[in-house]
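Dumped my_file_10.cif below, it's mmCIF, C-alpha atoms:
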data_query
loop_
_atom_site.label_atom_id
_atom_site.label_comp_id
_atom_site.auth_asym_id
_atom_site.auth_seq_id
_atom_site.Cartn_x
_atom_site.Cartn_y
_atom_site.Cartn_z
CA MET L 1 -21.42 109.05 15.48
CA PRO L 2 -24.29 110.66 13.56
CA ARG L 3 -24.94 114.34 14.26
CA GLN L 4 -28.32 113.97 12.63
CA PRO L 5 -29.68 110.85 10.99
CA ASP L 6 -29.13 110.83 7.25
CA PRO L 7 -29.81 107.33 5.93
CA ALA L 8 -29.10 108.35 2.34
CA LEU L 9 -25.62 109.59 3.27
CA GLU L 10 -24.88 106.49 5.34
CA GLN L 11 -26.01 104.28 2.48
CA ARG L 12 -23.78 106.23 0.08
CA ILE L 13 -20.81 105.73 2.41
CA LEU L 14 -21.47 101.98 2.72
CA GLU L 15 -21.83 101.58 -1.04
CA ALA L 16 -18.58 103.46 -1.62
CA ALA L 17 -16.83 101.25 0.95
CA SER L 18 -18.18 98.14 -0.75
CA ARG L 19 -16.85 99.32 -4.13
CA LEU L 20 -13.42 100.04 -2.66
CA TRP L 21 -13.31 96.63 -0.99
CA ALA L 22 -14.19 94.94 -4.28
CA ARG L 23 -11.25 96.65 -5.96
CA GLY L 24 -8.54 96.45 -3.33
CA GLY L 25 -9.72 94.40 -0.34
CA GLU L 26 -9.71 95.56 3.25
CA LYS L 27 -6.55 97.64 2.94
CA ALA L 28 -8.19 99.87 0.31
CA LEU L 29 -10.75 100.89 2.95
CA THR L 30 -9.19 103.99 4.48
CA MET L 31 -11.59 106.59 5.87
CA ARG L 32 -10.16 109.13 3.45
CA ALA L 33 -10.65 106.86 0.43
CA VAL L 34 -14.21 106.06 1.53
CA ALA L 35 -15.00 109.78 1.90
CA LYS L 36 -13.63 110.55 -1.54
CA ALA L 37 -15.49 107.64 -3.19
CA ALA L 38 -18.73 108.67 -1.45
CA GLY L 39 -18.31 112.27 -2.60
CA THR L 40 -18.10 113.64 0.93
CA THR L 41 -15.42 114.73 3.42
CA THR L 42 -13.36 112.62 5.82
CA PRO L 43 -14.79 114.40 8.92
CA THR L 44 -18.32 113.64 7.69
CA VAL L 45 -17.45 109.93 7.43
CA TYR L 46 -16.00 110.07 10.98
CA GLU L 47 -19.26 111.64 12.22
CA ARG L 48 -21.09 108.51 11.04
CA TYR L 49 -18.51 105.73 11.59
CA ARG L 50 -15.80 105.45 14.23
CA ASP L 51 -13.30 103.69 11.98
CA ARG L 52 -12.87 101.14 9.20
CA ASP L 53 -14.02 98.28 11.46
CA ASP L 54 -17.21 100.20 12.22
CA ILE L 55 -17.89 100.51 8.47
CA LEU L 56 -17.17 96.80 7.96
CA ARG L 57 -19.55 95.94 10.80
CA ALA L 58 -22.30 98.09 9.28
CA LEU L 59 -21.78 96.35 5.93
CA ARG L 60 -21.95 92.90 7.55
CA LEU L 61 -25.15 93.80 9.41
CA GLN L 62 -26.73 95.12 6.23
CA THR L 63 -25.80 92.03 4.19
CA ARG L 64 -27.02 89.69 6.93
CA ARG L 65 -30.33 91.56 7.20
CA GLU L 66 -30.91 91.54 3.44
CA MET L 67 -29.94 87.88 3.07
CA PHE L 68 -32.13 86.84 5.97
CA ASP L 69 -35.08 88.82 4.60
CA ALA L 70 -34.75 86.94 1.32
CA LEU L 71 -34.28 83.52 2.97
CA SER L 72 -37.19 83.92 5.37
CA ARG L 73 -39.57 84.16 2.42
CA THR L 74 -38.70 80.53 1.52
CA ARG L 75 -40.25 77.43 3.10
CA THR L 76 -37.91 74.44 2.72
CA LEU L 77 -34.17 73.95 3.16
CA ARG L 78 -33.75 73.46 -0.58
CA GLU L 79 -35.56 76.71 -1.32
CA ALA L 80 -33.44 78.51 1.27
CA VAL L 81 -30.23 77.22 -0.33
CA GLN L 82 -31.48 78.22 -3.77
CA CYS L 83 -32.34 81.68 -2.49
CA LYS L 84 -28.95 82.04 -0.79
CA LEU L 85 -27.13 81.09 -4.00
CA GLN L 86 -29.14 83.68 -5.90
CA PHE L 87 -28.41 86.32 -3.24
CA ALA L 88 -24.68 85.49 -3.30
CA LEU L 89 -24.49 85.74 -7.09
CA GLU L 90 -26.43 89.02 -7.15
CA HIS L 91 -24.46 90.59 -4.28
CA ARG L 92 -21.11 88.94 -4.87
CA HIS L 93 -18.92 91.55 -3.20
CA ALA L 94 -21.16 91.93 -0.15
CA TYR L 95 -21.38 88.14 0.18
CA GLN L 96 -17.62 87.59 -0.08
CA MET L 97 -16.98 90.45 2.36
CA LEU L 98 -19.43 88.87 4.82
CA MET L 99 -17.73 85.48 4.68
CA ASP L 100 -14.14 86.78 4.93
CA GLY L 101 -13.11 86.22 8.55
CA VAL L 102 -16.65 85.09 9.46
CA ALA L 103 -15.37 82.78 12.23
CA LYS L 104 -13.16 85.43 13.81
CA PRO L 105 -14.21 88.06 16.34
CA PRO L 106 -15.99 90.43 15.96
CA SER L 107 -18.03 88.53 13.34
CA LEU L 108 -17.94 85.35 15.48
CA HIS L 109 -19.80 87.12 18.31
CA GLU L 110 -22.51 88.59 16.10
CA PRO L 111 -25.71 86.61 15.39
CA TRP L 112 -25.70 84.71 12.08
CA PRO L 113 -29.40 84.84 11.16
CA SER L 114 -29.21 82.90 7.87
CA PHE L 115 -27.03 80.20 9.42
CA ASN L 116 -29.63 79.86 12.19
CA LEU L 117 -32.45 79.72 9.68
CA MET L 118 -30.70 76.84 7.87
CA ARG L 119 -30.17 75.04 11.17
CA GLU L 120 -33.82 75.49 12.13
CA ARG L 121 -34.91 74.15 8.74
CA LEU L 122 -32.72 71.07 9.30
CA ALA L 123 -34.34 70.56 12.72
CA ALA L 124 -37.80 70.94 11.17
CA HIS L 125 -36.92 68.32 8.53
CA LEU L 126 -35.07 65.91 10.82
CA GLY L 127 -36.35 66.49 14.37
CA GLY L 128 -34.18 67.39 17.35
CA THR L 129 -32.96 70.83 18.36
CA PRO L 130 -31.37 73.27 15.91
CA ARG L 131 -28.08 73.15 17.78
CA GLN L 132 -27.84 69.37 17.29
CA HIS L 133 -27.64 70.03 13.56
CA THR L 134 -24.78 72.52 13.61
CA ARG L 135 -22.38 70.14 11.91
CA LEU L 136 -24.83 69.29 9.15
CA THR L 137 -25.46 73.03 8.75
CA LEU L 138 -21.69 73.49 8.32
CA ALA L 139 -21.70 70.97 5.45
CA VAL L 140 -24.62 72.74 3.74
CA TRP L 141 -22.91 76.08 4.39
CA SER L 142 -19.63 74.91 2.81
CA LEU L 143 -21.46 73.46 -0.17
CA THR L 144 -23.48 76.65 -0.74
CA TYR L 145 -20.42 78.86 -0.30
CA GLY L 146 -18.35 76.63 -2.57
CA THR L 147 -21.02 76.64 -5.27
CA ALA L 148 -21.36 80.43 -5.19
CA MET L 149 -17.59 80.94 -5.09
CA ILE L 150 -16.75 78.44 -7.83
CA ILE L 151 -19.30 80.17 -10.08
CA ILE L 152 -18.00 83.65 -9.17
CA ARG L 153 -14.25 83.01 -9.08
CA GLY L 154 -14.16 80.14 -11.57
CA GLN L 155 -16.21 82.33 -13.97
CA PHE L 156 -18.87 79.71 -14.66
CA GLN L 157 -21.49 80.88 -17.13
CA GLY L 158 -24.48 79.65 -19.13
CA GLU L 159 -25.28 75.95 -18.99
CA LEU L 160 -22.29 75.12 -16.78
CA ARG L 161 -23.58 77.60 -14.21
CA THR L 162 -27.11 76.12 -14.37
CA GLN L 163 -25.81 72.56 -13.96
CA THR L 164 -23.57 73.57 -11.04
CA LEU L 165 -26.48 75.26 -9.23
CA HIS L 166 -28.66 72.16 -9.65
CA ALA L 167 -25.79 69.86 -8.64
CA CYS L 168 -25.65 71.81 -5.36
CA LEU L 169 -29.40 71.63 -4.72
CA ASP L 170 -29.47 67.91 -5.49
CA ALA L 171 -26.53 67.32 -3.13
CA VAL L 172 -28.39 69.21 -0.36
CA ASP L 173 -31.39 66.92 -0.92
CA ALA L 174 -29.08 63.88 -0.84
CA VAL L 175 -27.50 64.91 2.45
CA LEU L 176 -30.95 65.57 3.92
CA GLU L 177 -32.26 62.23 2.65
CA CYS L 178 -29.26 60.42 4.11
CA ALA L 179 -29.63 62.17 7.47
CA ARG L 180 -33.35 61.34 7.50
CA SER L 181 -32.74 57.64 6.89
CA LYS L 182 -30.11 57.63 9.68
CA HIS L 183 -27.33 56.74 7.26
CA PHE L 184 -25.45 59.81 8.34
CA ALA L 185 -23.12 58.82 11.19
CA PRO L 186 -20.69 61.66 11.93
CA THR L 187 -17.03 60.59 11.77
CA GLY L 188 -14.03 62.06 13.53
CA PRO L 189 -14.03 63.78 16.94
CA GLN L 190 -17.38 64.50 18.61
CA TRP L 191 -18.77 68.02 18.38
CA PRO L 192 -17.25 69.92 21.34
CA PRO L 193 -20.04 71.19 23.63
CA ASN L 194 -18.36 74.58 23.93
CA LEU L 195 -18.13 75.14 20.15
CA ILE L 196 -21.14 77.40 19.58
CA LEU L 197 -21.81 79.20 16.30
CA GLY L 198 -24.20 81.84 15.08
CA GLU L 199 -25.67 82.67 18.50
CA GLY L 200 -24.23 86.13 18.97
CA ARG L 201 -22.54 86.78 22.32
CA GLN L 202 -22.82 83.11 23.27
CA SER L 203 -20.79 82.00 20.26
CA ARG L 204 -17.37 80.54 21.01
CA LEU L 205 -14.80 78.41 19.22
CA GLY L 206 -14.44 75.64 21.78
CA ASN L 207 -10.66 75.64 21.77
CA GLY L 208 -10.00 78.59 24.02
CA LYS L 209 -9.90 81.04 21.14
CA GLY L 210 -12.43 83.79 20.65
CA ASN L 211 -14.06 83.19 24.03
CA ARG L 212 -13.20 86.56 25.43
CA ARG L 213 -16.61 88.05 24.84
CA GLY L 214 -18.60 84.83 25.26
CA THR L 215 -18.24 84.38 28.99
CA ARG L 216 -21.80 83.46 29.88
CA MET L 217 -22.50 79.71 29.57
CA SER L 218 -25.57 79.25 27.44
CA LYS L 219 -28.27 76.71 28.19
CA PRO L 220 -28.49 73.88 25.66
CA ARG L 221 -31.53 74.44 23.45
CA MET B 222 11.99 80.56 -24.20
CA PRO B 223 14.85 78.94 -22.27
CA ARG B 224 18.36 79.51 -23.63
CA GLN B 225 19.57 76.66 -21.49
CA PRO B 226 17.48 74.64 -19.07
CA ASP B 227 17.75 75.94 -15.52
CA PRO B 228 15.00 74.35 -13.44
CA ALA B 229 16.14 76.12 -10.26
CA LEU B 230 15.79 79.53 -11.92
CA GLU B 231 12.40 78.65 -13.38
CA GLN B 232 11.21 77.43 -10.01
CA ARG B 233 12.42 80.67 -8.40
CA ILE B 234 10.50 82.70 -10.97
CA LEU B 235 7.31 80.69 -10.39
CA GLU B 236 7.60 81.00 -6.62
CA ALA B 237 8.13 84.75 -6.91
CA ALA B 238 5.09 85.02 -9.19
CA SER B 239 3.01 83.04 -6.70
CA ARG B 240 4.02 85.36 -3.85
CA LEU B 241 3.15 88.44 -5.92
CA TRP B 242 -0.23 86.95 -6.85
CA ALA B 243 -0.97 86.25 -3.19
CA ARG B 244 -0.34 89.89 -2.31
CA GLY B 245 -1.94 91.72 -5.21
CA GLY B 246 -3.75 89.31 -7.52
CA GLU B 247 -3.19 88.98 -11.24
CA LYS B 248 -2.48 92.67 -11.81
CA ALA B 249 0.55 92.51 -9.48
CA LEU B 250 2.11 90.00 -11.88
CA THR B 251 4.11 92.22 -14.23
CA MET B 252 7.22 90.69 -15.78
CA ARG B 253 9.32 93.39 -14.18
CA ALA B 254 7.86 92.75 -10.69
CA VAL B 255 8.36 89.01 -11.11
CA ALA B 256 12.00 89.53 -12.12
CA LYS B 257 12.65 91.78 -9.13
CA ALA B 258 10.95 89.39 -6.67
CA ALA B 259 12.92 86.45 -8.12
CA GLY B 260 16.20 88.35 -7.82
CA THR B 261 16.87 88.32 -11.55
CA THR B 262 16.47 90.63 -14.54
CA THR B 263 13.42 91.24 -16.72
CA PRO B 264 15.17 89.93 -19.89
CA THR B 265 16.03 86.70 -18.06
CA VAL B 266 12.34 86.22 -17.17
CA TYR B 267 11.42 86.85 -20.82
CA GLU B 268 13.94 84.20 -21.90
CA ARG B 269 11.96 81.65 -19.85
CA TYR B 270 8.34 82.86 -20.18
CA ARG B 271 6.67 84.68 -23.05
CA ASP B 272 4.40 86.79 -20.86
CA ARG B 273 2.30 86.85 -17.71
CA ASP B 274 -0.16 84.31 -19.15
CA ASP B 275 2.72 81.94 -19.83
CA ILE B 276 3.79 82.21 -16.18
CA LEU B 277 0.21 81.65 -15.01
CA ARG B 278 -0.05 78.58 -17.24
CA ALA B 279 3.19 77.15 -15.85
CA LEU B 280 1.88 77.73 -12.33
CA ARG B 281 -1.43 75.99 -13.15
CA LEU B 282 0.37 73.01 -14.68
CA GLN B 283 2.64 72.71 -11.65
CA THR B 284 -0.26 72.88 -9.16
CA ARG B 285 -2.30 70.36 -11.16
CA ARG B 286 0.65 67.96 -11.34
CA GLU B 287 1.39 68.20 -7.62
CA MET B 288 -2.27 67.86 -6.64
CA PHE B 289 -2.78 64.88 -8.92
CA ASP B 290 0.39 63.19 -7.59
CA ALA B 291 -1.00 63.50 -4.07
CA LEU B 292 -4.52 62.36 -5.02
CA SER B 293 -3.36 59.37 -7.01
CA ARG B 294 -1.81 57.90 -3.87
CA THR B 295 -5.34 57.56 -2.37
CA ARG B 296 -7.77 54.72 -3.02
CA THR B 297 -11.35 55.87 -2.38
CA LEU B 298 -13.32 59.00 -3.22
CA ARG B 299 -13.42 60.00 0.45
CA GLU B 300 -9.63 59.66 0.73
CA ALA B 301 -9.18 61.69 -2.45
CA VAL B 302 -11.40 64.49 -1.08
CA GLN B 303 -9.51 64.44 2.21
CA CYS B 304 -6.21 64.61 0.37
CA LYS B 305 -7.44 67.47 -1.83
CA LEU B 306 -8.56 69.46 1.21
CA GLN B 307 -5.16 68.96 2.80
CA PHE B 308 -3.42 70.01 -0.41
CA ALA B 309 -5.61 73.12 -0.71
CA LEU B 310 -4.93 74.18 2.88
CA GLU B 311 -1.17 73.59 2.52
CA HIS B 312 -0.92 75.36 -0.87
CA ARG B 313 -3.64 77.94 -0.41
CA HIS B 314 -2.36 80.51 -2.88
CA ALA B 315 -1.57 77.97 -5.59
CA TYR B 316 -4.97 76.35 -5.10
CA GLN B 317 -6.90 79.62 -5.27
CA MET B 318 -4.90 80.71 -8.31
CA LEU B 319 -5.72 77.40 -10.02
CA MET B 320 -9.45 77.78 -9.40
CA ASP B 321 -9.71 81.45 -10.43
CA GLY B 322 -11.14 81.43 -13.95
CA VAL B 323 -10.91 77.61 -14.10
CA ALA B 324 -13.90 77.36 -16.48
CA LYS B 325 -12.57 79.98 -18.89
CA PRO B 326 -10.10 79.45 -21.73
CA PRO B 327 -7.19 78.77 -21.62
CA SER B 328 -7.77 76.78 -18.39
CA LEU B 329 -10.99 75.26 -19.81
CA HIS B 330 -9.05 73.63 -22.65
CA GLU B 331 -6.35 72.14 -20.44
CA PRO B 332 -6.79 68.67 -18.89
CA TRP B 333 -8.07 68.69 -15.28
CA PRO B 334 -6.38 65.55 -13.91
CA SER B 335 -7.75 65.73 -10.35
CA PHE B 336 -11.28 66.42 -11.59
CA ASN B 337 -10.97 63.36 -13.82
CA LEU B 338 -9.64 61.25 -10.97
CA MET B 339 -12.70 62.20 -8.86
CA ARG B 340 -15.01 61.36 -11.76
CA GLU B 341 -13.31 57.98 -12.28
CA ARG B 342 -13.64 57.24 -8.56
CA LEU B 343 -17.36 58.00 -8.76
CA ALA B 344 -17.69 55.64 -11.74
CA ALA B 345 -15.77 52.95 -9.82
CA HIS B 346 -18.12 53.36 -6.86
CA LEU B 347 -21.36 53.69 -8.83
CA GLY B 348 -20.84 52.01 -12.19
CA GLY B 349 -21.29 53.66 -15.57
CA THR B 350 -18.77 55.80 -17.44
CA PRO B 351 -16.82 58.63 -15.79
CA ARG B 352 -18.48 61.18 -18.04
CA GLN B 353 -21.94 60.14 -16.82
CA HIS B 354 -20.91 61.35 -13.37
CA THR B 355 -19.75 64.83 -14.35
CA ARG B 356 -22.63 66.53 -12.54
CA LEU B 357 -22.05 64.57 -9.34
CA THR B 358 -18.34 65.41 -9.66
CA LEU B 359 -19.33 69.10 -9.87
CA ALA B 360 -21.22 68.79 -6.57
CA VAL B 361 -18.23 67.13 -4.87
CA TRP B 362 -15.94 69.75 -6.43
CA SER B 363 -18.07 72.65 -5.13
CA LEU B 364 -18.26 71.09 -1.68
CA THR B 365 -14.49 70.51 -1.52
CA TYR B 366 -13.72 73.99 -2.84
CA GLY B 367 -16.26 75.55 -0.45
CA THR B 368 -14.82 73.69 2.53
CA ALA B 369 -11.26 74.72 1.71
CA MET B 370 -12.27 78.32 0.97
CA ILE B 371 -14.48 78.76 4.03
CA ILE B 372 -11.61 77.53 6.20
CA ILE B 373 -9.08 79.76 4.41
CA ARG B 374 -11.12 82.93 3.93
CA GLY B 375 -13.42 82.49 6.93
CA GLN B 376 -10.30 81.93 9.07
CA PHE B 377 -11.54 78.71 10.67
CA GLN B 378 -9.11 77.25 13.19
CA GLY B 379 -8.77 74.52 15.80
CA GLU B 380 -11.85 72.45 16.55
CA LEU B 381 -14.08 74.40 14.16
CA ARG B 382 -11.70 73.58 11.33
CA THR B 383 -11.64 69.87 12.29
CA GLN B 384 -15.44 69.69 12.46
CA THR B 385 -15.81 71.47 9.11
CA LEU B 386 -13.40 69.05 7.42
CA HIS B 387 -15.31 66.05 8.78
CA ALA B 388 -18.66 67.62 7.86
CA CYS B 389 -17.41 67.77 4.27
CA LEU B 390 -16.19 64.16 4.22
CA ASP B 391 -19.46 62.93 5.74
CA ALA B 392 -21.45 64.90 3.17
CA VAL B 393 -19.41 63.29 0.37
CA ASP B 394 -20.25 59.87 1.80
CA ALA B 395 -23.92 60.86 2.03
CA VAL B 396 -24.06 61.98 -1.58
CA LEU B 397 -22.33 58.78 -2.66
CA GLU B 398 -24.67 56.65 -0.54
CA CYS B 399 -27.70 58.41 -2.00
CA ALA B 400 -26.43 58.01 -5.56
CA ARG B 401 -25.73 54.33 -4.89
CA SER B 402 -29.27 53.67 -3.61
CA LYS B 403 -30.69 55.49 -6.67
CA HIS B 404 -32.24 58.22 -4.53
CA PHE B 405 -30.34 60.80 -6.48
CA ALA B 406 -32.55 61.97 -9.37
CA PRO B 407 -31.02 65.02 -11.02
CA THR B 408 -33.40 68.01 -11.15
CA GLY B 409 -33.49 70.90 -13.61
CA PRO B 410 -32.38 70.78 -17.24
CA GLN B 411 -30.65 67.66 -18.55
CA TRP B 412 -26.88 67.69 -18.87
CA PRO B 413 -26.14 69.13 -22.34
CA PRO B 414 -24.22 66.57 -24.44
CA ASN B 415 -21.83 69.26 -25.67
CA LEU B 416 -20.87 70.46 -22.17
CA ILE B 417 -17.55 68.65 -21.67
CA LEU B 418 -15.22 69.36 -18.77
CA GLY B 419 -11.69 68.39 -17.80
CA GLU B 420 -10.86 66.65 -21.08
CA GLY B 421 -8.33 69.09 -22.46
CA ARG B 422 -8.86 70.15 -26.05
CA GLN B 423 -12.22 68.37 -26.18
CA SER B 424 -13.61 70.46 -23.33
CA ARG B 425 -16.38 72.89 -24.22
CA LEU B 426 -19.07 74.84 -22.40
CA GLY B 427 -22.07 73.63 -24.36
CA ASN B 428 -23.58 77.07 -24.88
CA GLY B 429 -21.48 78.28 -27.74
CA LYS B 430 -18.88 79.86 -25.47
CA GLY B 431 -15.32 78.65 -25.21
CA ASN B 432 -15.69 76.23 -28.12
CA ARG B 433 -13.12 77.89 -30.29
CA ARG B 434 -10.37 75.43 -29.57
CA GLY B 435 -12.61 72.41 -29.02
CA THR B 436 -13.65 71.72 -32.57
CA ARG B 437 -13.26 67.95 -32.69
CA MET B 438 -16.37 66.08 -31.48
CA SER B 439 -15.32 63.55 -28.90
CA LYS B 440 -16.73 60.05 -28.70
CA PRO B 441 -18.83 59.35 -25.61
CA ARG B 442 -16.82 57.23 -23.22
#

In structure tokens, how does this file's structure come out?
Amino acid sequence: MPRQPDPALEQRILEAASRLWARGGEKALTMRAVAKAAGTTTPTVYERYRDRDDILRALRLQTRREMFDALSRTRTLREAVQCKLQFALEHRHAYQMLMDGVAKPPSLHEPWPSFNLMRERLAAHLGGTPRQHTRLTLAVWSLTYGTAMIIIRGQFQGELRTQTLHACLDAVDAVLECARSKHFAPTGPQWPPNLILGEGRQSRLGNGKGNRRGTRMSKPR
Amino acid sequence: MPRQPDPALEQRILEAASRLWARGGEKALTMRAVAKAAGTTTPTVYERYRDRDDILRALRLQTRREMFDALSRTRTLREAVQCKLQFALEHRHAYQMLMDGVAKPPSLHEPWPSFNLMRERLAAHLGGTPRQHTRLTLAVWSLTYGTAMIIIRGQFQGELRTQTLHACLDAVDAVLECARSKHFAPTGPQWPPNLILGEGRQSRLGNGKGNRRGTRMSKPR
């Protein structure tokens, strides 16, 4: 825990951790390696962060805050998706790190501000409560993630990249249009009432997993 | 190159390479490491495969063949997407390896049979030539990839996984429905005529990159 606040040092530690993760994944993130990459000592890192998970949590919070700040400057769902794609492509390591294990505790029990923003935009476009649109939000989430990841990992460039980004935005509009004209009847099993996402401590997976910290029943919105 | 055909040995080498890739990515794939993991000698591996790229190509061809075999047993676009998701989740390393660098040579200049199957299904549903639906195919591709990857890397399980799979299938139907009712007007720059995907040696990126092996102009289909 911090002896005295030093935001510049903490930022340097987080950036070093992010670089290490990009090169070798989670297992490259030892406290000693982070200290070395940040140009400081292991005890200094321990003064600021309890352990690797604490560093990962700080990185997630930072990415979520930055992404949400960017998204909240947009007005429509399409603009939000466009902004999220741009954020993902400009912060590719932070974005991938955020999404790895996103549905597992502890990430599951943290608020997902950008997910909630998307869900609220869907409710604003379509009526109803945000929570009623969780499944549609999942589809938009998968599409946005897939578009960013196929560009990043598939190494799409130039005109192919431009076309893929527009294909995504047009598909978002199509899904929205279809949902608006009531052509969008969900198939498969009904959404389980106790599957709650993006709502912090109230989040739970619905199938008995990951409920440990989400004991309080939340009121439907 | 093979002294004498030994499919069992080749399969063992490819499986060993796939396991190494899953653990350490492309850089873990040295010929020596592959030989050791396959329980054979480095010269034996060299008798079968020229180098690491040759092994990666054999793995891509195998994954494409298996995926296409599975997809060609389906009848509609929705069934094909469902089948592809199942394949991706059951062969997660092979699928991720296939998609990494998919738009770069040499992968760019290989045929993409499942991509073409999707494009033909779109043409069957909507009319027109398969190539006219390349952009729509890209949207379906991104959505399918994103759904598989968010489940794999986000560690979605149980009911969340089920809902996410259905959200994807419903979104595919929505996009198809929208395209059918002519609500789907592509935005952004027009599709460049010299951006050709999935057609083997005729494939090219349209922006002067990756054209080296795609010199012959192909007739529009």

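Atom CA of L:Leu71 lies 6.1 Å from atom CA of L:Cys83.
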
Original post:
Just so the selection is clear, what residues does the PyMOL selection byres ((chain L) within 6 of (chain B)) cover here, as a VMD selection string?
Top reply: chain L and resid 99 to 103 139 142 to 143 145 to 147 153 to 156 167 to 168 174 to 175 178

Original post:
Between atom CA of B:Glu311 and atom CA of B:Gly260, what is the spacing in Å?
Top reply: 25.0 Å

Subject >> Target residues per the PyMOL selection byres ((chain B and resi 233-241) around 7), formatted as a list in words >> reply: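 Output from the PyMOL selection byres ((chain B and resi 233-241) around 7), applied to this file: Ala229, Leu230, Glu231, Gln232, Trp242, Ala243, Arg244, Gly245, Ala249, Leu250, Val255, Ala258, Ala259, Ile276, Leu280 and Ala315 of chain B.
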
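In this comparison, which uses only C-alpha atoms, the residue of B:Gln307, B:Thr297, B:Thr265, B:Thr284 approaching B:His346 most closely is B:Thr297.
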
**OP:** Work out how far apart atom CA of L:Asp69 and atom CA of L:Gln4 are and give it in Å to one decimal.
**Re:**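 About the pair atom CA of L:Asp69 and atom CA of L:Gln4: they are 27.3 Å apart.
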
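Comparing the minimum interatomic distances between L:Arg119 and each of L:Leu85, L:Leu77, L:Ala58, L:Ala70, counting only C-alpha atoms, we find that L:Leu77 sits nearest.
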
Original post:
If the PyMOL selection byres ((chain B and resi 420) around 9) is run on the structure shown, which residues does it catch, given as a ChimeraX atom specification?
Top reply: /B:329-334,337,417-419,421-425

Selected residues, C-alpha atoms, written as a PDB file, keeping the file's coordinate frame, please.
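Contents of the output file result_2.pdb:
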ATOM      1  CA  LEU B 329     -10.990  75.260 -19.810  1.00  0.00           C
ATOM      2  CA  HIS B 330      -9.050  73.630 -22.650  1.00  0.00           C
ATOM      3  CA  GLU B 331      -6.350  72.140 -20.440  1.00  0.00           C
ATOM      4  CA  PRO B 332      -6.790  68.670 -18.890  1.00  0.00           C
ATOM      5  CA  TRP B 333      -8.070  68.690 -15.280  1.00  0.00           C
ATOM      6  CA  PRO B 334      -6.380  65.550 -13.910  1.00  0.00           C
ATOM      7  CA  ASN B 337     -10.970  63.360 -13.820  1.00  0.00           C
ATOM      8  CA  ILE B 417     -17.550  68.650 -21.670  1.00  0.00           C
ATOM      9  CA  LEU B 418     -15.220  69.360 -18.770  1.00  0.00           C
ATOM     10  CA  GLY B 419     -11.690  68.390 -17.800  1.00  0.00           C
ATOM     11  CA  GLY B 421      -8.330  69.090 -22.460  1.00  0.00           C
ATOM     12  CA  ARG B 422      -8.860  70.150 -26.050  1.00  0.00           C
ATOM     13  CA  GLN B 423     -12.220  68.370 -26.180  1.00  0.00           C
ATOM     14  CA  SER B 424     -13.610  70.460 -23.330  1.00  0.00           C
ATOM     15  CA  ARG B 425     -16.380  72.890 -24.220  1.00  0.00           C
TER      16      ARG B 425
END

**OP:** List the neighbours of L:Pro130 out to 9 Å using all atoms listed in the file; skip same-chain residues closer than 4 positions along the sequence, and give me the result as a list in words.
**Re:**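 Returned residues: Asn116, Met118, Arg119, Glu120, Arg121, Leu122, Ala123, Ala124, Thr134 and Arg221 of chain L.
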
Next, the residues of the selection above should be written as a PDB file, in the frame of the given file with C-alpha atoms.
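part.pdb was written with the following content:
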ATOM      1  CA  ASN L 116     -29.630  79.860  12.190  1.00  0.00           C
ATOM      2  CA  MET L 118     -30.700  76.840   7.870  1.00  0.00           C
ATOM      3  CA  ARG L 119     -30.170  75.040  11.170  1.00  0.00           C
ATOM      4  CA  GLU L 120     -33.820  75.490  12.130  1.00  0.00           C
ATOM      5  CA  ARG L 121     -34.910  74.150   8.740  1.00  0.00           C
ATOM      6  CA  LEU L 122     -32.720  71.070   9.300  1.00  0.00           C
ATOM      7  CA  ALA L 123     -34.340  70.560  12.720  1.00  0.00           C
ATOM      8  CA  ALA L 124     -37.800  70.940  11.170  1.00  0.00           C
ATOM      9  CA  THR L 134     -24.780  72.520  13.610  1.00  0.00           C
ATOM     10  CA  ARG L 221     -31.530  74.440  23.450  1.00  0.00           C
TER      11      ARG L 221
END
